[in-house]
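Visitor: I'm passing along final_13.cif; it holds mmCIF, N, CA and C atoms.
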data_coords
loop_
_atom_site.label_atom_id
_atom_site.label_comp_id
_atom_site.auth_asym_id
_atom_site.auth_seq_id
_atom_site.Cartn_x
_atom_site.Cartn_y
_atom_site.Cartn_z
N MET E 1484 151.37 28.54 55.95
CA MET E 1484 150.41 28.26 54.88
C MET E 1484 150.11 26.77 54.86
N SER E 1485 148.86 26.41 54.72
CA SER E 1485 148.49 25.00 54.65
C SER E 1485 148.74 24.46 53.24
N ASP E 1486 148.70 23.15 53.13
CA ASP E 1486 148.86 22.50 51.84
C ASP E 1486 147.61 22.76 51.01
N LEU E 1487 147.73 23.57 49.98
CA LEU E 1487 146.56 23.93 49.16
C LEU E 1487 145.92 22.72 48.49
N TYR E 1488 146.72 21.68 48.23
CA TYR E 1488 146.19 20.50 47.56
C TYR E 1488 145.41 19.60 48.52
N SER E 1489 145.45 19.90 49.81
CA SER E 1489 144.65 19.13 50.77
C SER E 1489 143.25 19.72 50.92
N LEU E 1490 143.02 20.91 50.37
CA LEU E 1490 141.72 21.56 50.49
C LEU E 1490 140.77 21.06 49.40
N PRO E 1491 139.53 20.71 49.76
CA PRO E 1491 138.56 20.26 48.74
C PRO E 1491 138.10 21.44 47.87
N VAL E 1492 137.89 21.17 46.60
CA VAL E 1492 137.44 22.23 45.68
C VAL E 1492 136.01 22.01 45.19
N GLN E 1493 135.34 20.98 45.71
CA GLN E 1493 133.95 20.77 45.33
C GLN E 1493 133.15 22.01 45.67
N GLY E 1494 132.35 22.46 44.73
CA GLY E 1494 131.51 23.63 44.92
C GLY E 1494 132.16 24.93 44.52
N ALA E 1495 133.42 24.88 44.05
CA ALA E 1495 134.09 26.12 43.61
C ALA E 1495 133.35 26.69 42.40
N GLN E 1496 133.23 28.01 42.37
CA GLN E 1496 132.61 28.71 41.25
C GLN E 1496 133.74 29.19 40.34
N PHE E 1497 133.78 28.70 39.12
CA PHE E 1497 134.87 29.01 38.20
C PHE E 1497 134.48 30.10 37.20
N GLU E 1498 135.47 30.91 36.87
CA GLU E 1498 135.34 31.90 35.79
C GLU E 1498 136.24 31.43 34.66
N ASN E 1499 135.78 31.63 33.43
CA ASN E 1499 136.55 31.22 32.25
C ASN E 1499 137.27 32.41 31.63
N TYR E 1500 138.51 32.19 31.28
CA TYR E 1500 139.31 33.17 30.54
C TYR E 1500 139.74 32.44 29.27
N CYS E 1501 139.12 32.81 28.15
CA CYS E 1501 139.30 32.05 26.92
C CYS E 1501 140.27 32.72 25.96
N GLY E 1502 140.93 31.87 25.17
CA GLY E 1502 141.99 32.33 24.29
C GLY E 1502 141.57 32.74 22.90
N GLY E 1503 140.32 32.54 22.54
CA GLY E 1503 139.86 32.99 21.23
C GLY E 1503 140.40 32.18 20.06
N ASN E 1504 140.79 30.94 20.33
CA ASN E 1504 141.42 30.17 19.27
C ASN E 1504 140.49 29.29 18.46
N LEU E 1505 139.45 28.74 19.05
CA LEU E 1505 138.60 27.81 18.31
C LEU E 1505 137.13 28.20 18.28
N GLN E 1506 136.70 29.04 19.20
CA GLN E 1506 135.31 29.47 19.27
C GLN E 1506 134.39 28.31 19.65
N GLY E 1507 133.19 28.62 20.00
CA GLY E 1507 132.15 27.64 20.27
C GLY E 1507 132.50 26.66 21.37
N GLU E 1508 132.01 25.44 21.23
CA GLU E 1508 132.19 24.42 22.27
C GLU E 1508 133.63 23.93 22.40
N HIS E 1509 134.48 24.24 21.43
CA HIS E 1509 135.87 23.78 21.46
C HIS E 1509 136.84 24.89 21.87
N GLU E 1510 136.32 25.98 22.38
CA GLU E 1510 137.15 27.09 22.84
C GLU E 1510 138.06 26.62 23.97
N SER E 1511 139.32 27.00 23.91
CA SER E 1511 140.27 26.67 24.97
C SER E 1511 140.25 27.76 26.03
N CYS E 1512 140.01 27.35 27.27
CA CYS E 1512 139.90 28.32 28.35
C CYS E 1512 140.71 27.88 29.56
N VAL E 1513 141.14 28.87 30.31
CA VAL E 1513 141.67 28.65 31.64
C VAL E 1513 140.55 28.98 32.60
N GLU E 1514 140.29 28.10 33.54
CA GLU E 1514 139.23 28.30 34.50
C GLU E 1514 139.85 28.57 35.86
N VAL E 1515 139.36 29.61 36.53
CA VAL E 1515 139.89 30.03 37.83
C VAL E 1515 138.75 30.11 38.83
N GLY E 1516 138.96 29.51 40.00
CA GLY E 1516 137.95 29.57 41.04
C GLY E 1516 138.57 29.65 42.42
N GLN E 1517 137.91 30.36 43.30
CA GLN E 1517 138.38 30.43 44.68
C GLN E 1517 138.07 29.11 45.36
N ILE E 1518 139.03 28.60 46.12
CA ILE E 1518 138.83 27.35 46.84
C ILE E 1518 137.84 27.62 47.97
N PRO E 1519 136.73 26.87 48.00
CA PRO E 1519 135.70 27.09 49.02
C PRO E 1519 136.29 27.01 50.43
N GLY E 1520 135.87 27.95 51.28
CA GLY E 1520 136.32 27.97 52.66
C GLY E 1520 137.66 28.65 52.86
N SER E 1521 138.31 29.05 51.78
CA SER E 1521 139.59 29.76 51.90
C SER E 1521 139.36 31.23 51.62
N VAL E 1522 140.21 32.05 52.16
CA VAL E 1522 140.07 33.48 51.94
C VAL E 1522 140.84 33.92 50.70
N SER E 1523 142.00 33.31 50.49
CA SER E 1523 142.84 33.79 49.39
C SER E 1523 143.60 32.66 48.71
N SER E 1524 142.90 31.58 48.38
CA SER E 1524 143.51 30.45 47.67
C SER E 1524 142.64 30.11 46.47
N TYR E 1525 143.32 29.80 45.36
CA TYR E 1525 142.61 29.60 44.11
C TYR E 1525 143.07 28.34 43.40
N VAL E 1526 142.17 27.80 42.59
CA VAL E 1526 142.48 26.64 41.77
C VAL E 1526 142.34 27.05 40.31
N LEU E 1527 143.31 26.64 39.49
CA LEU E 1527 143.29 26.89 38.06
C LEU E 1527 143.22 25.55 37.35
N ARG E 1528 142.44 25.51 36.30
CA ARG E 1528 142.37 24.29 35.51
C ARG E 1528 142.18 24.63 34.04
N ASP E 1529 142.48 23.67 33.20
CA ASP E 1529 142.37 23.79 31.76
C ASP E 1529 141.08 23.10 31.35
N ASN E 1530 140.31 23.70 30.47
CA ASN E 1530 139.05 23.06 30.08
C ASN E 1530 139.20 22.10 28.91
N LYS E 1531 140.38 22.00 28.31
CA LYS E 1531 140.57 21.07 27.19
C LYS E 1531 140.50 19.63 27.69
N TYR E 1532 140.05 18.74 26.84
CA TYR E 1532 139.89 17.32 27.18
C TYR E 1532 141.18 16.75 27.77
N GLU E 1533 142.31 17.09 27.15
CA GLU E 1533 143.59 16.55 27.59
C GLU E 1533 143.96 17.02 29.00
N GLY E 1534 143.38 18.14 29.43
CA GLY E 1534 143.69 18.69 30.75
C GLY E 1534 142.69 18.30 31.82
N ALA E 1535 141.71 17.49 31.46
CA ALA E 1535 140.66 17.13 32.42
C ALA E 1535 141.25 16.51 33.67
N GLY E 1536 140.82 17.02 34.81
CA GLY E 1536 141.26 16.48 36.09
C GLY E 1536 142.59 17.04 36.58
N LYS E 1537 143.25 17.85 35.77
CA LYS E 1537 144.53 18.43 36.18
C LYS E 1537 144.29 19.86 36.64
N GLU E 1538 144.94 20.22 37.73
CA GLU E 1538 144.74 21.56 38.26
C GLU E 1538 146.01 22.04 38.96
N LEU E 1539 146.08 23.34 39.10
CA LEU E 1539 147.14 23.99 39.86
C LEU E 1539 146.48 24.86 40.91
N ARG E 1540 147.12 24.98 42.06
CA ARG E 1540 146.55 25.80 43.13
C ARG E 1540 147.58 26.83 43.58
N PHE E 1541 147.09 28.03 43.83
CA PHE E 1541 147.95 29.14 44.20
C PHE E 1541 147.29 30.02 45.24
N THR E 1542 148.12 30.71 46.00
CA THR E 1542 147.59 31.73 46.89
C THR E 1542 147.31 32.98 46.05
N GLU E 1543 146.55 33.89 46.62
CA GLU E 1543 146.26 35.15 45.94
C GLU E 1543 147.54 35.93 45.66
N VAL E 1544 148.47 35.93 46.60
CA VAL E 1544 149.74 36.64 46.42
C VAL E 1544 150.52 36.06 45.25
N GLU E 1545 150.55 34.73 45.16
CA GLU E 1545 151.27 34.07 44.05
C GLU E 1545 150.64 34.42 42.71
N LEU E 1546 149.31 34.39 42.64
CA LEU E 1546 148.63 34.72 41.38
C LEU E 1546 148.83 36.18 40.99
N ASP E 1547 148.76 37.08 41.97
CA ASP E 1547 148.98 38.49 41.68
C ASP E 1547 150.39 38.72 41.17
N ASP E 1548 151.37 38.09 41.79
CA ASP E 1548 152.76 38.22 41.36
C ASP E 1548 152.93 37.71 39.93
N PHE E 1549 152.32 36.58 39.64
CA PHE E 1549 152.38 36.04 38.28
C PHE E 1549 151.74 36.99 37.27
N ALA E 1550 150.53 37.46 37.58
CA ALA E 1550 149.81 38.34 36.65
C ALA E 1550 150.58 39.62 36.37
N LEU E 1551 151.11 40.23 37.41
CA LEU E 1551 151.87 41.47 37.23
C LEU E 1551 153.16 41.22 36.46
N GLY E 1552 153.84 40.14 36.78
CA GLY E 1552 155.08 39.80 36.07
C GLY E 1552 154.83 39.46 34.61
N TRP E 1553 153.78 38.71 34.34
CA TRP E 1553 153.43 38.34 32.96
C TRP E 1553 153.06 39.58 32.15
N ALA E 1554 152.25 40.44 32.73
CA ALA E 1554 151.84 41.67 32.04
C ALA E 1554 153.06 42.54 31.73
N ALA E 1555 153.96 42.68 32.70
CA ALA E 1555 155.16 43.50 32.49
C ALA E 1555 156.04 42.90 31.40
N LYS E 1556 156.23 41.60 31.44
CA LYS E 1556 157.08 40.92 30.45
C LYS E 1556 156.51 41.09 29.03
N ARG E 1557 155.19 41.06 28.93
CA ARG E 1557 154.52 41.15 27.63
C ARG E 1557 154.27 42.59 27.21
N GLY E 1558 154.59 43.55 28.08
CA GLY E 1558 154.36 44.96 27.75
C GLY E 1558 152.89 45.34 27.80
N LEU E 1559 152.11 44.62 28.59
CA LEU E 1559 150.68 44.89 28.71
C LEU E 1559 150.44 45.88 29.85
N THR E 1560 149.38 46.63 29.74
CA THR E 1560 149.02 47.53 30.82
C THR E 1560 147.77 47.02 31.52
N LEU E 1561 147.70 47.27 32.79
CA LEU E 1561 146.54 46.82 33.57
C LEU E 1561 145.63 47.99 33.85
#
Using the file provided, produce a representation of the structure as structure tokens.
Guide:
Amino acid sequence: MSDLYSLPVQGAQFENYCGGNLQGEHESCVEVGQIPGSVSSYVLRDNKYEGAGKELRFTEVELDDFALGWAAKRGLTL
């Protein structure tokens, strides 16, 4: 696996997953986008001002493992 942080993310198309806490322009969201040119690597970022410029990068397998583990821990169904 290559270093995900060495891959450029310019041009990534992000989807927002919002928490429903503030509504409107101040809504807190997690933004997820596929890293351009990669098949299964993603970048996650926080849209809050304090999180500007900070991001985490994961492979598809890592994100799937997290999502399934989080859902199971919380008793959520997919």
Visitor: Per DSSP on the backbone, what are the alpha helix (DSSP H) residues of chain E, as a PyMOL selection string?
Guide: chain E and resi 1543-1557
Visitor: For this file, the PyMOL selection byres (((chain E and resi 1512-1520 and name CA) around 7) and name CA) selects which residues, as a PDB file with N, CA and C atoms, in the frame of the given file?
Guide:
ATOM      1  N   VAL E1492     137.890  21.170  46.600  1.00  0.00           N
ATOM      2  CA  VAL E1492     137.440  22.230  45.680  1.00  0.00           C
ATOM      3  C   VAL E1492     136.010  22.010  45.190  1.00  0.00           C
ATOM      4  N   GLY E1494     132.350  22.460  44.730  1.00  0.00           N
ATOM      5  CA  GLY E1494     131.510  23.630  44.920  1.00  0.00           C
ATOM      6  C   GLY E1494     132.160  24.930  44.520  1.00  0.00           C
ATOM      7  N   ALA E1495     133.420  24.880  44.050  1.00  0.00           N
ATOM      8  CA  ALA E1495     134.090  26.120  43.610  1.00  0.00           C
ATOM      9  C   ALA E1495     133.350  26.690  42.400  1.00  0.00           C
ATOM     10  N   GLN E1496     133.230  28.010  42.370  1.00  0.00           N
ATOM     11  CA  GLN E1496     132.610  28.710  41.250  1.00  0.00           C
ATOM     12  C   GLN E1496     133.740  29.190  40.340  1.00  0.00           C
ATOM     13  N   PHE E1497     133.780  28.700  39.120  1.00  0.00           N
ATOM     14  CA  PHE E1497     134.870  29.010  38.200  1.00  0.00           C
ATOM     15  C   PHE E1497     134.480  30.100  37.200  1.00  0.00           C
ATOM     16  N   GLU E1498     135.470  30.910  36.870  1.00  0.00           N
ATOM     17  CA  GLU E1498     135.340  31.900  35.790  1.00  0.00           C
ATOM     18  C   GLU E1498     136.240  31.430  34.660  1.00  0.00           C
ATOM     19  N   ASN E1499     135.780  31.630  33.430  1.00  0.00           N
ATOM     20  CA  ASN E1499     136.550  31.220  32.250  1.00  0.00           C
ATOM     21  C   ASN E1499     137.270  32.410  31.630  1.00  0.00           C
ATOM     22  N   TYR E1500     138.510  32.190  31.280  1.00  0.00           N
ATOM     23  CA  TYR E1500     139.310  33.170  30.540  1.00  0.00           C
ATOM     24  C   TYR E1500     139.740  32.440  29.270  1.00  0.00           C
ATOM     25  N   CYS E1501     139.120  32.810  28.150  1.00  0.00           N
ATOM     26  CA  CYS E1501     139.300  32.050  26.920  1.00  0.00           C
ATOM     27  C   CYS E1501     140.270  32.720  25.960  1.00  0.00           C
ATOM     28  N   GLY E1502     140.930  31.870  25.170  1.00  0.00           N
ATOM     29  CA  GLY E1502     141.990  32.330  24.290  1.00  0.00           C
ATOM     30  C   GLY E1502     141.570  32.740  22.900  1.00  0.00           C
ATOM     31  N   GLU E1510     136.320  25.980  22.380  1.00  0.00           N
ATOM     32  CA  GLU E1510     137.150  27.090  22.840  1.00  0.00           C
ATOM     33  C   GLU E1510     138.060  26.620  23.970  1.00  0.00           C
ATOM     34  N   SER E1511     139.320  27.000  23.910  1.00  0.00           N
ATOM     35  CA  SER E1511     140.270  26.670  24.970  1.00  0.00           C
ATOM     36  C   SER E1511     140.250  27.760  26.030  1.00  0.00           C
ATOM     37  N   SER E1521     138.310  29.050  51.780  1.00  0.00           N
ATOM     38  CA  SER E1521     139.590  29.760  51.900  1.00  0.00           C
ATOM     39  C   SER E1521     139.360  31.230  51.620  1.00  0.00           C
ATOM     40  N   VAL E1522     140.210  32.050  52.160  1.00  0.00           N
ATOM     41  CA  VAL E1522     140.070  33.480  51.940  1.00  0.00           C
ATOM     42  C   VAL E1522     140.840  33.920  50.700  1.00  0.00           C
ATOM     43  N   SER E1524     142.900  31.580  48.380  1.00  0.00           N
ATOM     44  CA  SER E1524     143.510  30.450  47.670  1.00  0.00           C
ATOM     45  C   SER E1524     142.640  30.110  46.470  1.00  0.00           C
ATOM     46  N   TYR E1525     143.320  29.800  45.360  1.00  0.00           N
ATOM     47  CA  TYR E1525     142.610  29.600  44.110  1.00  0.00           C
ATOM     48  C   TYR E1525     143.070  28.340  43.400  1.00  0.00           C
ATOM     49  N   VAL E1526     142.170  27.800  42.590  1.00  0.00           N
ATOM     50  CA  VAL E1526     142.480  26.640  41.770  1.00  0.00           C
ATOM     51  C   VAL E1526     142.340  27.050  40.310  1.00  0.00           C
ATOM     52  N   LEU E1527     143.310  26.640  39.490  1.00  0.00           N
ATOM     53  CA  LEU E1527     143.290  26.890  38.060  1.00  0.00           C
ATOM     54  C   LEU E1527     143.220  25.550  37.350  1.00  0.00           C
ATOM     55  N   ARG E1528     142.440  25.510  36.300  1.00  0.00           N
ATOM     56  CA  ARG E1528     142.370  24.290  35.510  1.00  0.00           C
ATOM     57  C   ARG E1528     142.180  24.630  34.040  1.00  0.00           C
ATOM     58  N   ASP E1529     142.480  23.670  33.200  1.00  0.00           N
ATOM     59  CA  ASP E1529     142.370  23.790  31.760  1.00  0.00           C
ATOM     60  C   ASP E1529     141.080  23.100  31.350  1.00  0.00           C
ATOM     61  N   ASN E1530     140.310  23.700  30.470  1.00  0.00           N
ATOM     62  CA  ASN E1530     139.050  23.060  30.080  1.00  0.00           C
ATOM     63  C   ASN E1530     139.200  22.100  28.910  1.00  0.00           C
TER      64      ASN E1530
END
Visitor: Tell me, in Å to one decimal, how far atom C of Pro1491 (chain E) is from atom C of Thr1542 (chain E).
Guide: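 Atom C of Pro1491 (chain E) sits 14.9 Å away from atom C of Thr1542 (chain E).
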Visitor: Rounded to one decimal, what separation in Å do you get between atom C of Leu1539 (chain E) and atom N of Ala1554 (chain E)?
Guide: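 So the two atoms, atom C of Leu1539 (chain E) and atom N of Ala1554 (chain E), lie 18.5 Å apart.
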Visitor: Looking only at strand (DSSP E) from DSSP on the backbone, list the matching residues of chain E as a list in words.
Guide: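 These are the residues in question: Phe1497, Glu1498, Asn1499, Tyr1500, Cys1501, Cys1512, Val1513, Glu1514, Val1515, Gly1516, Gln1517, Ser1524, Tyr1525, Val1526, Leu1527, Arg1528, Asp1529, Glu1538, Leu1539, Arg1540, Phe1541 and Thr1542 of chain E.
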Visitor: Could you spell out the hits of the PyMOL selection byres (((chain E and resi 1561 and name CA) around 12) and name CA) on the shown file, as a PyMOL selection string?
Guide: chain E and resi 1547+1550-1555+1557-1560
Visitor: Determine the nearest neighbour of Ser1523 (chain E) from the options E:Phe1541, E:Asp1548, E:Leu1487, E:Gln1493, counting only N, CA and C atoms.
Guide: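 Among E:Phe1541, E:Asp1548, E:Leu1487, E:Gln1493, it is E:Phe1541 that comes nearest to Ser1523 (chain E).
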Visitor: To one decimal in Å, tell me the separation between atom C of Gly1534 (chain E) and atom C of Asp1486 (chain E).
Guide: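 So the answer is 20.3 Å.
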Visitor: For region 1531-1542 of chain E, supply all heavy atoms and format the output as an mmCIF file, in the coordinates of the input.
Guide:
data_model
loop_
_atom_site.group_PDB
_atom_site.id
_atom_site.type_symbol
_atom_site.label_atom_id
_atom_site.label_comp_id
_atom_site.auth_asym_id
_atom_site.auth_seq_id
_atom_site.Cartn_x
_atom_site.Cartn_y
_atom_site.Cartn_z
ATOM 1 N N LYS E 1531 140.380 22.000 28.310
ATOM 2 C CA LYS E 1531 140.570 21.070 27.190
ATOM 3 C C LYS E 1531 140.500 19.630 27.690
ATOM 4 O O LYS E 1531 140.882 19.323 28.811
ATOM 5 C CB LYS E 1531 141.910 21.326 26.496
ATOM 6 C CG LYS E 1531 141.941 22.643 25.726
ATOM 7 C CD LYS E 1531 143.203 22.774 24.894
ATOM 8 C CE LYS E 1531 144.452 22.992 25.664
ATOM 9 N NZ LYS E 1531 144.516 24.187 26.509
ATOM 10 N N TYR E 1532 140.050 18.740 26.840
ATOM 11 C CA TYR E 1532 139.890 17.320 27.180
ATOM 12 C C TYR E 1532 141.180 16.750 27.770
ATOM 13 O O TYR E 1532 141.167 16.032 28.748
ATOM 14 C CB TYR E 1532 139.454 16.540 25.940
ATOM 15 C CG TYR E 1532 139.386 15.061 26.170
ATOM 16 C CD1 TYR E 1532 138.313 14.521 26.876
ATOM 17 C CD2 TYR E 1532 140.397 14.223 25.713
ATOM 18 C CE1 TYR E 1532 138.251 13.152 27.110
ATOM 19 C CE2 TYR E 1532 140.338 12.860 25.955
ATOM 20 C CZ TYR E 1532 139.265 12.332 26.649
ATOM 21 O OH TYR E 1532 139.204 10.987 26.887
ATOM 22 N N GLU E 1533 142.310 17.090 27.150
ATOM 23 C CA GLU E 1533 143.590 16.550 27.590
ATOM 24 C C GLU E 1533 143.960 17.020 29.000
ATOM 25 O O GLU E 1533 144.775 16.406 29.674
ATOM 26 C CB GLU E 1533 144.726 16.966 26.635
ATOM 27 C CG GLU E 1533 144.531 16.510 25.217
ATOM 28 C CD GLU E 1533 143.671 17.466 24.384
ATOM 29 O OE1 GLU E 1533 143.190 18.497 24.908
ATOM 30 O OE2 GLU E 1533 143.470 17.167 23.199
ATOM 31 N N GLY E 1534 143.380 18.140 29.430
ATOM 32 C CA GLY E 1534 143.690 18.690 30.750
ATOM 33 C C GLY E 1534 142.690 18.300 31.820
ATOM 34 O O GLY E 1534 142.818 18.729 32.959
ATOM 35 N N ALA E 1535 141.710 17.490 31.460
ATOM 36 C CA ALA E 1535 140.660 17.130 32.420
ATOM 37 C C ALA E 1535 141.250 16.510 33.670
ATOM 38 O O ALA E 1535 142.096 15.620 33.608
ATOM 39 C CB ALA E 1535 139.678 16.159 31.763
ATOM 40 N N GLY E 1536 140.820 17.020 34.810
ATOM 41 C CA GLY E 1536 141.260 16.480 36.090
ATOM 42 C C GLY E 1536 142.590 17.040 36.580
ATOM 43 O O GLY E 1536 143.007 16.737 37.693
ATOM 44 N N LYS E 1537 143.250 17.850 35.770
ATOM 45 C CA LYS E 1537 144.530 18.430 36.180
ATOM 46 C C LYS E 1537 144.290 19.860 36.640
ATOM 47 O O LYS E 1537 143.540 20.600 36.036
ATOM 48 C CB LYS E 1537 145.518 18.415 35.020
ATOM 49 C CG LYS E 1537 145.837 17.013 34.552
ATOM 50 C CD LYS E 1537 146.744 17.012 33.367
ATOM 51 C CE LYS E 1537 146.940 15.594 32.875
ATOM 52 N NZ LYS E 1537 147.660 15.555 31.617
ATOM 53 N N GLU E 1538 144.940 20.220 37.730
ATOM 54 C CA GLU E 1538 144.740 21.560 38.260
ATOM 55 C C GLU E 1538 146.010 22.040 38.960
ATOM 56 O O GLU E 1538 146.861 21.237 39.344
ATOM 57 C CB GLU E 1538 143.573 21.603 39.223
ATOM 58 C CG GLU E 1538 143.736 20.677 40.399
ATOM 59 C CD GLU E 1538 142.522 20.608 41.294
ATOM 60 O OE1 GLU E 1538 141.391 20.627 40.777
ATOM 61 O OE2 GLU E 1538 142.713 20.522 42.517
ATOM 62 N N LEU E 1539 146.080 23.340 39.100
ATOM 63 C CA LEU E 1539 147.140 23.990 39.860
ATOM 64 C C LEU E 1539 146.480 24.860 40.910
ATOM 65 O O LEU E 1539 145.420 25.436 40.654
ATOM 66 C CB LEU E 1539 148.009 24.858 38.943
ATOM 67 C CG LEU E 1539 148.786 24.125 37.863
ATOM 68 C CD1 LEU E 1539 149.413 25.131 36.903
ATOM 69 C CD2 LEU E 1539 149.856 23.243 38.480
ATOM 70 N N ARG E 1540 147.120 24.980 42.060
ATOM 71 C CA ARG E 1540 146.550 25.800 43.130
ATOM 72 C C ARG E 1540 147.580 26.830 43.580
ATOM 73 O O ARG E 1540 148.773 26.522 43.695
ATOM 74 C CB ARG E 1540 146.144 24.905 44.305
ATOM 75 C CG ARG E 1540 145.054 23.918 43.888
ATOM 76 C CD ARG E 1540 144.644 23.056 45.034
ATOM 77 N NE ARG E 1540 143.692 22.052 44.598
ATOM 78 C CZ ARG E 1540 142.919 21.367 45.421
ATOM 79 N NH1 ARG E 1540 142.978 21.581 46.732
ATOM 80 N NH2 ARG E 1540 142.090 20.469 44.948
ATOM 81 N N PHE E 1541 147.090 28.030 43.830
ATOM 82 C CA PHE E 1541 147.950 29.140 44.200
ATOM 83 C C PHE E 1541 147.290 30.020 45.240
ATOM 84 O O PHE E 1541 146.063 30.101 45.310
ATOM 85 C CB PHE E 1541 148.251 30.020 42.974
ATOM 86 C CG PHE E 1541 148.976 29.301 41.888
ATOM 87 C CD1 PHE E 1541 148.287 28.751 40.822
ATOM 88 C CD2 PHE E 1541 150.353 29.164 41.931
ATOM 89 C CE1 PHE E 1541 148.958 28.083 39.815
ATOM 90 C CE2 PHE E 1541 151.027 28.499 40.920
ATOM 91 C CZ PHE E 1541 150.329 27.960 39.865
ATOM 92 N N THR E 1542 148.120 30.710 46.000
ATOM 93 C CA THR E 1542 147.590 31.730 46.890
ATOM 94 C C THR E 1542 147.310 32.980 46.050
ATOM 95 O O THR E 1542 147.804 33.117 44.921
ATOM 96 C CB THR E 1542 148.587 32.091 47.999
ATOM 97 O OG1 THR E 1542 149.742 32.693 47.410
ATOM 98 C CG2 THR E 1542 148.975 30.875 48.822
#
